[in-house]
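**Student:** I'd like to ask some things about the structure below.
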Amino acid sequence: MTIKAPVRRSLQPLLRHIIDSLPDGIVVVSKEGLLAFANPAAATLFGRAAGDLEGQEFGYALAGSEAPEIDIVRPGGTTVVAELRVVDITWEDAPAYLVSLRDVTDRKRAEEHERQLDRERGARAEAEAANQAKTEFLAVMSHELRTPLNAVLGYAELLDLGVAGVMSPEQRQQVARIAASGRHLLTLVNEILDLAKVEAGRLTVTRVPVSVSDVLEAAVVLAQPHAESRGLVLDVPDSVPGTLRFVGDHDRTRQILSNLLSNAVKFSAPAGQIIVRAGIADDAPASRHLHGAGPWVAVSVRDGGSGIPDEHLESIFAPFVQAEGGHTRRSDGTGLGLTISRRLARLMRGDVTVESAPGEGSTFTVWLPMPSADAIDSAEGAEEVAVPASRTRGLGEIGDGLMREIDAILDAFVARLRREPLLPAATSLKHTQLVDHIGAMLADIASSLVTFDESDGTPSSLLSDSADLLRFVADRHGAQRARLGWTPDALRRECEVLQEEVASSIRRCFATPALQPQVAEAIGVVHRYLEQAEEASRRSLDRTLRSQRGRE
């Protein structure tokens, strides 16, 4: 709608004064489309002096929508967005348009930023759902595949033992091939299952003093037949001192070394040499992902392969990646061995690293923490011991215990959610949907307890990283709960249940009266972490619910 507003000549000075003081840009445009007047705000909006604007073409349509938006290109190429309103007036005895220009650039940028955030949240949610579905699928399928595979291997062994009658040499050779192929396939399935457990935060390791010579010998025995079949020599130390020990899990460390030796055999040229060394490093290079100050046990495996280019040195630790990719690669496998090896080592507060160059082979090193002398002495005959000794009765031991109890806590947590009146939807949801990110969250909190103990409570980059990770996981958790129909009250009750189950688990595992001060402190620390996680989840849930309502 337009308004005829003739302005008497005697009022024009007053009108000019009022217009000059307005924060919005005001211009007068003649019926021919020329600018007859511009106030200071309009001059600022156009990026030109008011005198330079007068007599210039306005260049924008003055009919149509009540408040159209126009892009104003300033000298130099910058652009601002203005909301335009038009009123018909008489200016200096001639019909004209009074045009109001309001700068809405910041508002438009904020709206675009919010739209971009919505798109990013949607993309993250889709990726999160896809990753969770993948992990669940891998775990289920791995279990389903292992059952018939074990049956195949069992029947092959029975045939080899002659249960079905005497076999000819040709038949025995064929059965041996069946068994070898079945064992190879079972290895691949086990790798996939391990990866699924690691990614779901449900794989735990023990941490006890372990003899380096024992675990190295066990790994070499497994690799020796394959190496001999390719004419490779395993150069292993004649003797490793029995007193050389690391803190970790014997079976998982053997798995790591077996993976490294298997890769060395596969990628070394026939009739070559694989060099294995074990020693102590007081100071590890800064690039290693290690907890604490050392010293460290370092076990290295050097192959005689073609080497790895610098750009692939980190990508080879990604799932399903091999340095030699594509259909033309010469070595079989899933590409999971190094991924699992590094993650297992880091669960034991160590690492797996690589040094290589094209044409010079590769050296993979397993770094694991050494126990203190006191911890070794106290561990003789014990099933498990926490190290170093300064942590045996502190938060570190409780953090280790919490890590081992995660599966039991999650089972109790899910059972209680299914009985909660505030969570009626929980009864129809899968275990994996209810657990969601809780396992990863508890694992991070348990690791933080250990790090807090090792750092004596002083600020630590590891603690900062852990806090950032906890906030990130909690944010994803809140968004997932919103998509499942959780209300703020339901989320609050869920967090209360989780706190109660964690506290109950810690008290049950550390019931010794002498440990109660540490137990109380640990529960307090855990509760503070979970309260921070609850706040981050609540904000994420609120954002997601608002976004859902906005799309309705």
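Chain labels follow the order of the structure tokens: the first chain is A, the next B, and so on; residue numbering restarts at 1 in every chain, and ligands are counted from 1 in their shown order.
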Tell me, as a list in words, which residues lie within 8 Å of Gly242 in chain A, counting only C-alpha atoms; anything in the same chain fewer than 2 positions away does not count.
**Tutor:**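 These residues fall inside the cut-off: Ser211, Val212, Ser213, Val240, Leu244 and Arg245 of chain A.
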**Student:** Okay, now the selection with C-alpha atoms, as a JSON list (two decimals), in the first residue's frame?
**Tutor:**
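Generated output (again-v1.json):
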```json
[["chain", "number", "residue", "atom", "x", "y", "z"],
["A", 211, "SER", "CA", 57.62, -60.68, 30.82],
["A", 212, "VAL", "CA", 58.80, -59.33, 27.47],
["A", 213, "SER", "CA", 60.58, -62.60, 26.64],
["A", 240, "VAL", "CA", 65.82, -61.17, 26.57],
["A", 244, "LEU", "CA", 62.50, -56.98, 31.48],
["A", 245, "ARG", "CA", 58.79, -56.41, 31.94]]
```
**Student:** For a test of reading the model, state the distance in Å between CA of Ser258 in chain A and CA of Ser341 in chain A, rounded to one decimal.
**Tutor:**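 CA of Ser341 in chain A lies at a distance of 9.5 Å from CA of Ser258 in chain A.
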**Student:** Mind the document's chain letters and residue numbers, and return as a PyMOL selection string the residues of range 141-181 of chain A that DSSP labels helix (DSSP H, G or I).
**Tutor:** chain A and resi 141-160+169-181
**Student:** Please determine, counting only C-alpha atoms, which residue among A:Ala269, A:Ile256, A:Leu434, A:Val205 has the shortest atom-to-atom distance to Glu405 in chain A.
**Tutor:**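 Among the listed residues, the smallest separation from Glu405 in chain A belongs to A:Val205.
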**Student:** By how many Å are CA of Asp283 in chain A and CA of Leu368 in chain A apart?
**Tutor:**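 These two atoms are separated by 12.2 Å.
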**Student:** Enter the distance from CA of Gln171 in chain A to CA of Ala151 in chain A, in Å, rounded to one decimal.
**Tutor:**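 For CA of Gln171 in chain A relative to CA of Ala151 in chain A, the distance reads 19.0 Å.
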**Student:** Need the shell around Gln273 in chain A: protein/DNA/RNA residues with any atom at most 12 Å away, counting only C-alpha atoms. Skip same-chain ones fewer than 6 positions apart. Format as an mmCIF file with N, CA, C and O atoms, in the first residue's frame?
**Tutor:**
```cif
data_model
loop_
_atom_site.group_PDB
_atom_site.id
_atom_site.type_symbol
_atom_site.label_atom_id
_atom_site.label_comp_id
_atom_site.auth_asym_id
_atom_site.auth_seq_id
_atom_site.Cartn_x
_atom_site.Cartn_y
_atom_site.Cartn_z
ATOM 1 N N ALA A 227 57.115 -67.493 8.016
ATOM 2 C CA ALA A 227 58.387 -66.917 7.585
ATOM 3 C C ALA A 227 59.236 -67.965 6.860
ATOM 4 O O ALA A 227 59.824 -67.687 5.798
ATOM 5 N N GLU A 228 59.288 -69.184 7.392
ATOM 6 C CA GLU A 228 60.082 -70.232 6.760
ATOM 7 C C GLU A 228 59.529 -70.597 5.386
ATOM 8 O O GLU A 228 60.295 -70.903 4.465
ATOM 9 N N ARG A 230 58.402 -68.692 3.252
ATOM 10 C CA ARG A 230 58.814 -67.679 2.278
ATOM 11 C C ARG A 230 60.332 -67.497 2.265
ATOM 12 O O ARG A 230 60.837 -66.573 1.646
ATOM 13 N N GLY A 231 61.045 -68.361 2.968
ATOM 14 C CA GLY A 231 62.499 -68.282 2.985
ATOM 15 C C GLY A 231 63.030 -67.106 3.763
ATOM 16 O O GLY A 231 64.161 -66.643 3.515
ATOM 17 N N LEU A 232 62.268 -66.597 4.724
ATOM 18 C CA LEU A 232 62.680 -65.427 5.510
ATOM 19 C C LEU A 232 63.338 -65.865 6.818
ATOM 20 O O LEU A 232 62.945 -66.873 7.431
ATOM 21 N N VAL A 233 64.318 -65.098 7.250
ATOM 22 C CA VAL A 233 65.012 -65.359 8.506
ATOM 23 C C VAL A 233 64.507 -64.378 9.553
ATOM 24 O O VAL A 233 64.495 -63.162 9.338
ATOM 25 N N LEU A 234 64.055 -64.910 10.695
ATOM 26 C CA LEU A 234 63.643 -64.057 11.815
ATOM 27 C C LEU A 234 64.847 -63.849 12.726
ATOM 28 O O LEU A 234 65.301 -64.771 13.405
ATOM 29 N N ASP A 235 65.380 -62.624 12.705
ATOM 30 C CA ASP A 235 66.526 -62.278 13.553
ATOM 31 C C ASP A 235 65.986 -61.788 14.895
ATOM 32 O O ASP A 235 65.624 -60.621 15.058
ATOM 33 N N VAL A 236 65.913 -62.717 15.857
ATOM 34 C CA VAL A 236 65.349 -62.422 17.169
ATOM 35 C C VAL A 236 66.472 -62.431 18.194
ATOM 36 O O VAL A 236 67.400 -63.241 18.081
ATOM 37 N N LEU A 261 54.506 -58.965 13.075
ATOM 38 C CA LEU A 261 55.344 -59.984 12.444
ATOM 39 C C LEU A 261 54.685 -60.533 11.183
ATOM 40 O O LEU A 261 55.357 -60.780 10.177
ATOM 41 N N ALA A 264 55.205 -58.060 8.494
ATOM 42 C CA ALA A 264 56.599 -58.068 8.050
ATOM 43 C C ALA A 264 56.864 -59.241 7.114
ATOM 44 O O ALA A 264 57.570 -59.107 6.105
ATOM 45 N N VAL A 265 56.293 -60.403 7.433
ATOM 46 C CA VAL A 265 56.467 -61.578 6.574
ATOM 47 C C VAL A 265 55.794 -61.351 5.219
ATOM 48 O O VAL A 265 56.352 -61.675 4.156
ATOM 49 N N LYS A 266 54.590 -60.790 5.234
ATOM 50 C CA LYS A 266 53.849 -60.585 3.983
ATOM 51 C C LYS A 266 54.542 -59.593 3.061
ATOM 52 O O LYS A 266 54.572 -59.771 1.836
ATOM 53 N N PHE A 267 55.107 -58.541 3.625
ATOM 54 C CA PHE A 267 55.617 -57.453 2.791
ATOM 55 C C PHE A 267 57.120 -57.514 2.535
ATOM 56 O O PHE A 267 57.643 -56.696 1.794
ATOM 57 N N VAL A 301 59.962 -54.207 15.131
ATOM 58 C CA VAL A 301 59.979 -55.215 14.075
ATOM 59 C C VAL A 301 60.329 -54.507 12.776
ATOM 60 O O VAL A 301 59.556 -53.670 12.296
ATOM 61 N N ARG A 302 61.502 -54.840 12.217
ATOM 62 C CA ARG A 302 61.950 -54.213 10.971
ATOM 63 C C ARG A 302 61.848 -55.227 9.833
ATOM 64 O O ARG A 302 62.394 -56.336 9.919
ATOM 65 N N ASP A 303 61.129 -54.843 8.765
ATOM 66 C CA ASP A 303 60.964 -55.754 7.629
ATOM 67 C C ASP A 303 61.875 -55.355 6.473
ATOM 68 O O ASP A 303 62.551 -54.321 6.518
ATOM 69 N N GLY A 304 61.891 -56.170 5.446
ATOM 70 C CA GLY A 304 62.692 -55.896 4.254
ATOM 71 C C GLY A 304 61.822 -55.577 3.063
ATOM 72 O O GLY A 304 62.155 -55.949 1.931
ATOM 73 N N GLY A 305 60.719 -54.882 3.329
ATOM 74 C CA GLY A 305 59.781 -54.559 2.258
ATOM 75 C C GLY A 305 60.189 -53.341 1.467
ATOM 76 O O GLY A 305 61.296 -52.806 1.605
ATOM 77 N N GLY A 361 62.462 -50.363 3.547
ATOM 78 C CA GLY A 361 61.767 -51.163 4.544
ATOM 79 C C GLY A 361 61.074 -50.302 5.581
ATOM 80 O O GLY A 361 61.077 -49.065 5.516
#
```
**Student:** Write out as a list in words the residues lying within 9 Å of Leu290 in chain A, counting only C-alpha atoms and excluding same-chain residues fewer than 5 positions away.
**Tutor:**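 Final neighbour list, sorted by chain and number: Ala284, Arg346, Arg349, Gly350, Asp351, Trp367, Leu368 and Pro369 of chain A.
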**Student:** Just the residues within 10 Å of Ala533 in chain A, please, counting only C-alpha atoms, with nothing from its chain fewer than 4 positions along; format it as a VMD selection string.
**Tutor:** chain A and resid 441 467 470 to 475 477 to 478 495 527 to 529 537 to 538
**Student:** Keeping all heavy atoms for every residue in the selection just given, could you write it to a file as a tab-separated table (two decimals), in the first residue's frame?
**Tutor:**
```
chain	number	residue	atom	x	y	z
A	441	MET	N	31.77	-42.72	27.00
A	441	MET	CA	31.80	-41.69	28.03
A	441	MET	C	32.43	-42.22	29.32
A	441	MET	O	33.30	-41.57	29.93
A	441	MET	CB	30.36	-41.21	28.30
A	441	MET	CG	30.25	-39.88	29.02
A	441	MET	SD	28.51	-39.43	29.31
A	441	MET	CE	27.91	-39.34	27.63
A	467	ALA	N	38.48	-33.80	28.64
A	467	ALA	CA	37.30	-32.97	28.87
A	467	ALA	C	36.63	-32.58	27.56
A	467	ALA	O	35.40	-32.59	27.44
A	467	ALA	CB	37.68	-31.72	29.67
A	470	LEU	N	34.83	-35.60	26.25
A	470	LEU	CA	33.62	-35.87	27.01
A	470	LEU	C	32.49	-34.94	26.58
A	470	LEU	O	31.34	-35.37	26.40
A	470	LEU	CB	33.90	-35.72	28.51
A	470	LEU	CG	32.74	-36.04	29.45
A	470	LEU	CD1	32.40	-37.52	29.37
A	470	LEU	CD2	33.08	-35.66	30.88
A	471	ARG	N	32.81	-33.65	26.38
A	471	ARG	CA	31.78	-32.70	25.93
A	471	ARG	C	31.26	-33.07	24.54
A	471	ARG	O	30.06	-32.99	24.27
A	471	ARG	CB	32.34	-31.28	25.93
A	471	ARG	CG	32.44	-30.66	27.30
A	471	ARG	CD	32.72	-29.17	27.21
A	471	ARG	NE	34.05	-28.92	26.67
A	471	ARG	CZ	35.14	-28.80	27.43
A	471	ARG	NH1	35.05	-28.93	28.74
A	471	ARG	NH2	36.31	-28.56	26.88
A	472	PHE	N	32.18	-33.48	23.66
A	472	PHE	CA	31.77	-33.86	22.30
A	472	PHE	C	30.84	-35.07	22.34
A	472	PHE	O	29.79	-35.08	21.69
A	472	PHE	CB	33.01	-34.17	21.46
A	472	PHE	CG	32.71	-34.62	20.07
A	472	PHE	CD1	32.46	-33.69	19.07
A	472	PHE	CD2	32.66	-35.97	19.76
A	472	PHE	CE1	32.18	-34.10	17.79
A	472	PHE	CE2	32.37	-36.38	18.48
A	472	PHE	CZ	32.12	-35.45	17.49
A	473	VAL	N	31.22	-36.10	23.11
A	473	VAL	CA	30.40	-37.31	23.19
A	473	VAL	C	29.04	-36.99	23.82
A	473	VAL	O	28.00	-37.46	23.37
A	473	VAL	CB	31.14	-38.40	23.99
A	473	VAL	CG1	30.23	-39.59	24.26
A	473	VAL	CG2	32.37	-38.85	23.23
A	474	ALA	N	29.05	-36.18	24.88
A	474	ALA	CA	27.79	-35.82	25.54
A	474	ALA	C	26.89	-35.03	24.60
A	474	ALA	O	25.66	-35.21	24.62
A	474	ALA	CB	28.10	-35.00	26.80
A	475	ASP	N	27.46	-34.17	23.78
A	475	ASP	CA	26.67	-33.42	22.80
A	475	ASP	C	25.98	-34.36	21.83
A	475	ASP	O	24.79	-34.22	21.51
A	475	ASP	CB	27.58	-32.44	22.05
A	475	ASP	CG	26.80	-31.58	21.07
A	475	ASP	OD1	26.26	-30.54	21.48
A	475	ASP	OD2	26.73	-31.94	19.89
A	477	HIS	N	25.27	-37.44	22.40
A	477	HIS	CA	24.31	-38.24	23.16
A	477	HIS	C	22.99	-37.48	23.31
A	477	HIS	O	21.91	-38.07	23.14
A	477	HIS	CB	24.90	-38.55	24.54
A	477	HIS	CG	23.98	-39.36	25.41
A	477	HIS	ND1	23.71	-40.69	25.18
A	477	HIS	CD2	23.25	-39.01	26.51
A	477	HIS	CE1	22.87	-41.13	26.10
A	477	HIS	NE2	22.58	-40.14	26.91
A	478	GLY	N	23.05	-36.20	23.63
A	478	GLY	CA	21.83	-35.42	23.77
A	478	GLY	C	21.02	-35.36	22.48
A	478	GLY	O	19.79	-35.47	22.50
A	495	CYS	N	20.46	-39.61	33.64
A	495	CYS	CA	21.76	-39.27	34.21
A	495	CYS	C	21.84	-39.65	35.68
A	495	CYS	O	22.91	-40.08	36.17
A	495	CYS	CB	22.04	-37.78	34.02
A	495	CYS	SG	22.23	-37.30	32.29
A	527	HIS	N	31.12	-38.00	39.51
A	527	HIS	CA	29.86	-37.26	39.50
A	527	HIS	C	30.02	-35.89	38.85
A	527	HIS	O	29.13	-35.44	38.12
A	527	HIS	CB	29.30	-37.13	40.91
A	527	HIS	CG	28.59	-38.37	41.38
A	527	HIS	ND1	27.79	-38.42	42.49
A	527	HIS	CD2	28.58	-39.64	40.88
A	527	HIS	CE1	27.32	-39.64	42.65
A	527	HIS	NE2	27.79	-40.40	41.69
A	528	ARG	N	31.15	-35.22	39.12
A	528	ARG	CA	31.36	-33.92	38.48
A	528	ARG	C	31.47	-34.07	36.96
A	528	ARG	O	30.92	-33.27	36.20
A	528	ARG	CB	32.62	-33.25	39.05
A	528	ARG	CG	32.44	-32.72	40.46
A	528	ARG	CD	33.54	-31.75	40.85
A	528	ARG	NE	34.84	-32.41	40.94
A	528	ARG	CZ	35.28	-33.01	42.03
A	528	ARG	NH1	34.52	-33.07	43.12
A	528	ARG	NH2	36.48	-33.57	42.05
A	529	TYR	N	32.19	-35.11	36.53
A	529	TYR	CA	32.28	-35.35	35.09
A	529	TYR	C	30.90	-35.64	34.49
A	529	TYR	O	30.54	-35.12	33.43
A	529	TYR	CB	33.21	-36.53	34.81
A	529	TYR	CG	34.66	-36.16	34.68
A	529	TYR	CD1	35.60	-36.61	35.60
A	529	TYR	CD2	35.11	-35.39	33.62
A	529	TYR	CE1	36.95	-36.30	35.48
A	529	TYR	CE2	36.45	-35.06	33.49
A	529	TYR	CZ	37.35	-35.51	34.42
A	529	TYR	OH	38.68	-35.19	34.28
A	537	SER	N	24.68	-32.58	27.31
A	537	SER	CA	23.63	-33.37	26.66
A	537	SER	C	22.31	-32.62	26.68
A	537	SER	O	21.56	-32.65	25.69
A	537	SER	CB	23.47	-34.72	27.37
A	537	SER	OG	24.61	-35.51	27.23
A	538	ARG	N	22.02	-31.93	27.79
A	538	ARG	CA	20.76	-31.19	27.88
A	538	ARG	C	20.71	-30.07	26.85
A	538	ARG	O	19.69	-29.86	26.18
A	538	ARG	CB	20.58	-30.62	29.29
A	538	ARG	CG	19.25	-29.89	29.49
A	538	ARG	CD	19.26	-29.09	30.78
A	538	ARG	NE	20.32	-28.10	30.79
A	538	ARG	CZ	20.26	-26.94	30.12
A	538	ARG	NH1	19.23	-26.65	29.36
A	538	ARG	NH2	21.27	-26.09	30.21
```
**Student:** Find the residues around Gly182 in chain A up to 9 Å (only C-alpha atoms counted), leave out those fewer than 2 positions away in its own chain, and share them as a PyMOL selection string.
**Tutor:** chain A and resi 149-150+152-153+177-180+184-187
**Student:** With all heavy atoms retained, could you export that selection as a PDB file, in the first residue's frame?
**Tutor:**
```pdb
ATOM      1  N   LEU A 149      31.868 -71.173  11.123  1.00  0.00           N
ATOM      2  CA  LEU A 149      33.288 -71.368  10.864  1.00  0.00           C
ATOM      3  C   LEU A 149      33.915 -72.336  11.865  1.00  0.00           C
ATOM      4  O   LEU A 149      34.724 -73.188  11.501  1.00  0.00           O
ATOM      5  CB  LEU A 149      34.014 -70.018  10.928  1.00  0.00           C
ATOM      6  CG  LEU A 149      34.116 -69.238   9.622  1.00  0.00           C
ATOM      7  CD1 LEU A 149      34.740 -67.880   9.874  1.00  0.00           C
ATOM      8  CD2 LEU A 149      34.932 -70.014   8.607  1.00  0.00           C
ATOM      9  N   ASN A 150      33.533 -72.200  13.128  1.00  0.00           N
ATOM     10  CA  ASN A 150      34.055 -73.130  14.122  1.00  0.00           C
ATOM     11  C   ASN A 150      33.610 -74.555  13.829  1.00  0.00           C
ATOM     12  O   ASN A 150      34.350 -75.519  14.060  1.00  0.00           O
ATOM     13  CB  ASN A 150      33.599 -72.708  15.522  1.00  0.00           C
ATOM     14  CG  ASN A 150      34.355 -71.491  16.027  1.00  0.00           C
ATOM     15  OD1 ASN A 150      35.521 -71.297  15.726  1.00  0.00           O
ATOM     16  ND2 ASN A 150      33.674 -70.646  16.801  1.00  0.00           N
ATOM     17  N   VAL A 152      33.016 -75.752  10.784  1.00  0.00           N
ATOM     18  CA  VAL A 152      33.830 -76.198   9.650  1.00  0.00           C
ATOM     19  C   VAL A 152      35.195 -76.677  10.126  1.00  0.00           C
ATOM     20  O   VAL A 152      35.688 -77.755   9.732  1.00  0.00           O
ATOM     21  CB  VAL A 152      33.975 -75.064   8.616  1.00  0.00           C
ATOM     22  CG1 VAL A 152      35.030 -75.424   7.563  1.00  0.00           C
ATOM     23  CG2 VAL A 152      32.648 -74.776   7.935  1.00  0.00           C
ATOM     24  N   LEU A 153      35.828 -75.878  10.992  1.00  0.00           N
ATOM     25  CA  LEU A 153      37.148 -76.256  11.495  1.00  0.00           C
ATOM     26  C   LEU A 153      37.073 -77.524  12.345  1.00  0.00           C
ATOM     27  O   LEU A 153      37.966 -78.383  12.295  1.00  0.00           O
ATOM     28  CB  LEU A 153      37.741 -75.104  12.318  1.00  0.00           C
ATOM     29  CG  LEU A 153      38.123 -73.842  11.513  1.00  0.00           C
ATOM     30  CD1 LEU A 153      38.513 -72.702  12.461  1.00  0.00           C
ATOM     31  CD2 LEU A 153      39.275 -74.152  10.564  1.00  0.00           C
ATOM     32  N   ARG A 177      43.794 -78.092   3.459  1.00  0.00           N
ATOM     33  CA  ARG A 177      43.520 -76.806   2.808  1.00  0.00           C
ATOM     34  C   ARG A 177      42.220 -76.205   3.328  1.00  0.00           C
ATOM     35  O   ARG A 177      42.112 -74.979   3.510  1.00  0.00           O
ATOM     36  CB  ARG A 177      43.456 -76.994   1.296  1.00  0.00           C
ATOM     37  CG  ARG A 177      44.812 -77.279   0.661  1.00  0.00           C
ATOM     38  CD  ARG A 177      44.671 -77.600  -0.810  1.00  0.00           C
ATOM     39  NE  ARG A 177      45.978 -77.846  -1.414  1.00  0.00           N
ATOM     40  CZ  ARG A 177      46.148 -78.307  -2.660  1.00  0.00           C
ATOM     41  NH1 ARG A 177      45.077 -78.586  -3.416  1.00  0.00           N
ATOM     42  NH2 ARG A 177      47.361 -78.498  -3.136  1.00  0.00           N
ATOM     43  N   ILE A 178      41.222 -77.049   3.554  1.00  0.00           N
ATOM     44  CA  ILE A 178      39.961 -76.549   4.132  1.00  0.00           C
ATOM     45  C   ILE A 178      40.229 -75.918   5.495  1.00  0.00           C
ATOM     46  O   ILE A 178      39.754 -74.816   5.803  1.00  0.00           O
ATOM     47  CB  ILE A 178      38.939 -77.694   4.257  1.00  0.00           C
ATOM     48  CG1 ILE A 178      38.484 -78.156   2.867  1.00  0.00           C
ATOM     49  CG2 ILE A 178      37.733 -77.242   5.088  1.00  0.00           C
ATOM     50  CD1 ILE A 178      37.603 -79.396   2.907  1.00  0.00           C
ATOM     51  N   ALA A 179      41.006 -76.619   6.332  1.00  0.00           N
ATOM     52  CA  ALA A 179      41.293 -76.114   7.678  1.00  0.00           C
ATOM     53  C   ALA A 179      42.091 -74.817   7.622  1.00  0.00           C
ATOM     54  O   ALA A 179      41.815 -73.868   8.378  1.00  0.00           O
ATOM     55  CB  ALA A 179      42.050 -77.174   8.484  1.00  0.00           C
ATOM     56  N   ALA A 180      43.083 -74.747   6.724  1.00  0.00           N
ATOM     57  CA  ALA A 180      43.902 -73.534   6.624  1.00  0.00           C
ATOM     58  C   ALA A 180      43.053 -72.343   6.188  1.00  0.00           C
ATOM     59  O   ALA A 180      43.166 -71.240   6.732  1.00  0.00           O
ATOM     60  CB  ALA A 180      45.053 -73.760   5.645  1.00  0.00           C
ATOM     61  N   HIS A 184      42.153 -68.953   8.365  1.00  0.00           N
ATOM     62  CA  HIS A 184      42.410 -67.612   7.837  1.00  0.00           C
ATOM     63  C   HIS A 184      41.146 -66.757   7.895  1.00  0.00           C
ATOM     64  O   HIS A 184      41.176 -65.591   8.322  1.00  0.00           O
ATOM     65  CB  HIS A 184      42.901 -67.719   6.395  1.00  0.00           C
ATOM     66  CG  HIS A 184      43.096 -66.394   5.727  1.00  0.00           C
ATOM     67  ND1 HIS A 184      44.037 -65.474   6.138  1.00  0.00           N
ATOM     68  CD2 HIS A 184      42.444 -65.805   4.677  1.00  0.00           C
ATOM     69  CE1 HIS A 184      43.980 -64.393   5.382  1.00  0.00           C
ATOM     70  NE2 HIS A 184      43.017 -64.573   4.492  1.00  0.00           N
ATOM     71  N   LEU A 185      40.012 -67.339   7.494  1.00  0.00           N
ATOM     72  CA  LEU A 185      38.759 -66.593   7.522  1.00  0.00           C
ATOM     73  C   LEU A 185      38.352 -66.261   8.952  1.00  0.00           C
ATOM     74  O   LEU A 185      37.856 -65.154   9.234  1.00  0.00           O
ATOM     75  CB  LEU A 185      37.658 -67.411   6.834  1.00  0.00           C
ATOM     76  CG  LEU A 185      36.305 -66.726   6.647  1.00  0.00           C
ATOM     77  CD1 LEU A 185      36.454 -65.388   5.926  1.00  0.00           C
ATOM     78  CD2 LEU A 185      35.354 -67.640   5.886  1.00  0.00           C
ATOM     79  N   LEU A 186      38.595 -67.183   9.888  1.00  0.00           N
ATOM     80  CA  LEU A 186      38.269 -66.921  11.286  1.00  0.00           C
ATOM     81  C   LEU A 186      39.113 -65.778  11.838  1.00  0.00           C
ATOM     82  O   LEU A 186      38.627 -64.955  12.630  1.00  0.00           O
ATOM     83  CB  LEU A 186      38.492 -68.192  12.113  1.00  0.00           C
ATOM     84  CG  LEU A 186      38.071 -68.128  13.586  1.00  0.00           C
ATOM     85  CD1 LEU A 186      36.582 -67.816  13.700  1.00  0.00           C
ATOM     86  CD2 LEU A 186      38.395 -69.439  14.284  1.00  0.00           C
ATOM     87  N   THR A 187      40.369 -65.697  11.404  1.00  0.00           N
ATOM     88  CA  THR A 187      41.227 -64.582  11.818  1.00  0.00           C
ATOM     89  C   THR A 187      40.653 -63.255  11.351  1.00  0.00           C
ATOM     90  O   THR A 187      40.613 -62.270  12.112  1.00  0.00           O
ATOM     91  CB  THR A 187      42.647 -64.767  11.261  1.00  0.00           C
ATOM     92  OG1 THR A 187      43.205 -65.976  11.778  1.00  0.00           O
ATOM     93  CG2 THR A 187      43.543 -63.594  11.659  1.00  0.00           C
TER      94      THR A 187
END
```
**Student:** Would you kindly return, as a PDB file with all heavy atoms, in the first residue's frame, each protein, DNA or RNA residue with an atom no farther than 7 Å from any atom of Ala278 in chain A, considering only C-alpha atoms and excluding same-chain residues fewer than 2 positions away?
**Tutor:**
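Output contents, as saved in result-v6.pdb:
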```pdb
ATOM      1  N   ALA A 298      60.344 -50.930  24.533  1.00  0.00           N
ATOM      2  CA  ALA A 298      60.142 -50.721  23.098  1.00  0.00           C
ATOM      3  C   ALA A 298      60.528 -52.002  22.360  1.00  0.00           C
ATOM      4  O   ALA A 298      61.679 -52.430  22.417  1.00  0.00           O
ATOM      5  CB  ALA A 298      60.983 -49.549  22.596  1.00  0.00           C
ATOM      6  N   VAL A 299      59.566 -52.624  21.698  1.00  0.00           N
ATOM      7  CA  VAL A 299      59.808 -53.823  20.893  1.00  0.00           C
ATOM      8  C   VAL A 299      59.588 -53.437  19.435  1.00  0.00           C
ATOM      9  O   VAL A 299      58.493 -53.028  19.055  1.00  0.00           O
ATOM     10  CB  VAL A 299      58.869 -54.976  21.287  1.00  0.00           C
ATOM     11  CG1 VAL A 299      59.181 -56.216  20.452  1.00  0.00           C
ATOM     12  CG2 VAL A 299      58.983 -55.285  22.776  1.00  0.00           C
ATOM     13  N   SER A 300      60.645 -53.561  18.614  1.00  0.00           N
ATOM     14  CA  SER A 300      60.565 -53.130  17.216  1.00  0.00           C
ATOM     15  C   SER A 300      60.655 -54.325  16.275  1.00  0.00           C
ATOM     16  O   SER A 300      61.303 -55.323  16.572  1.00  0.00           O
ATOM     17  CB  SER A 300      61.686 -52.133  16.898  1.00  0.00           C
ATOM     18  OG  SER A 300      62.950 -52.747  17.039  1.00  0.00           O
TER      19      SER A 300
END
```
**Student:** Which one of A:His437, A:Asn190, A:Asp214, A:Arg416 sits closest to Ile340 in chain A if you count only C-alpha atoms?
**Tutor:**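 Smallest distance to Ile340 in chain A is found for A:Asn190.
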**Student:** In terms of the shortest atom-to-atom distance over only C-alpha atoms, which of A:Ile316, A:Leu257, A:Ala42, A:Val28 is closest to Trp91 in chain A?
**Tutor:** A:Val28
**Student:** Nearest residue to Asp251 in chain A out of A:Arg74, A:His17, A:Arg207, A:His226, using only C-alpha atoms?
**Tutor:**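 Of A:Arg74, A:His17, A:Arg207, A:His226, the one nearest Asp251 in chain A is A:Arg207, counting only C-alpha atoms.
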**Student:** Kindly indicate which residue among A:Ala482, A:Ile438, A:Ala82, A:Val215 lies nearest to Arg549 in chain A, using only C-alpha atoms for the distances.
**Tutor:** A:Ala482
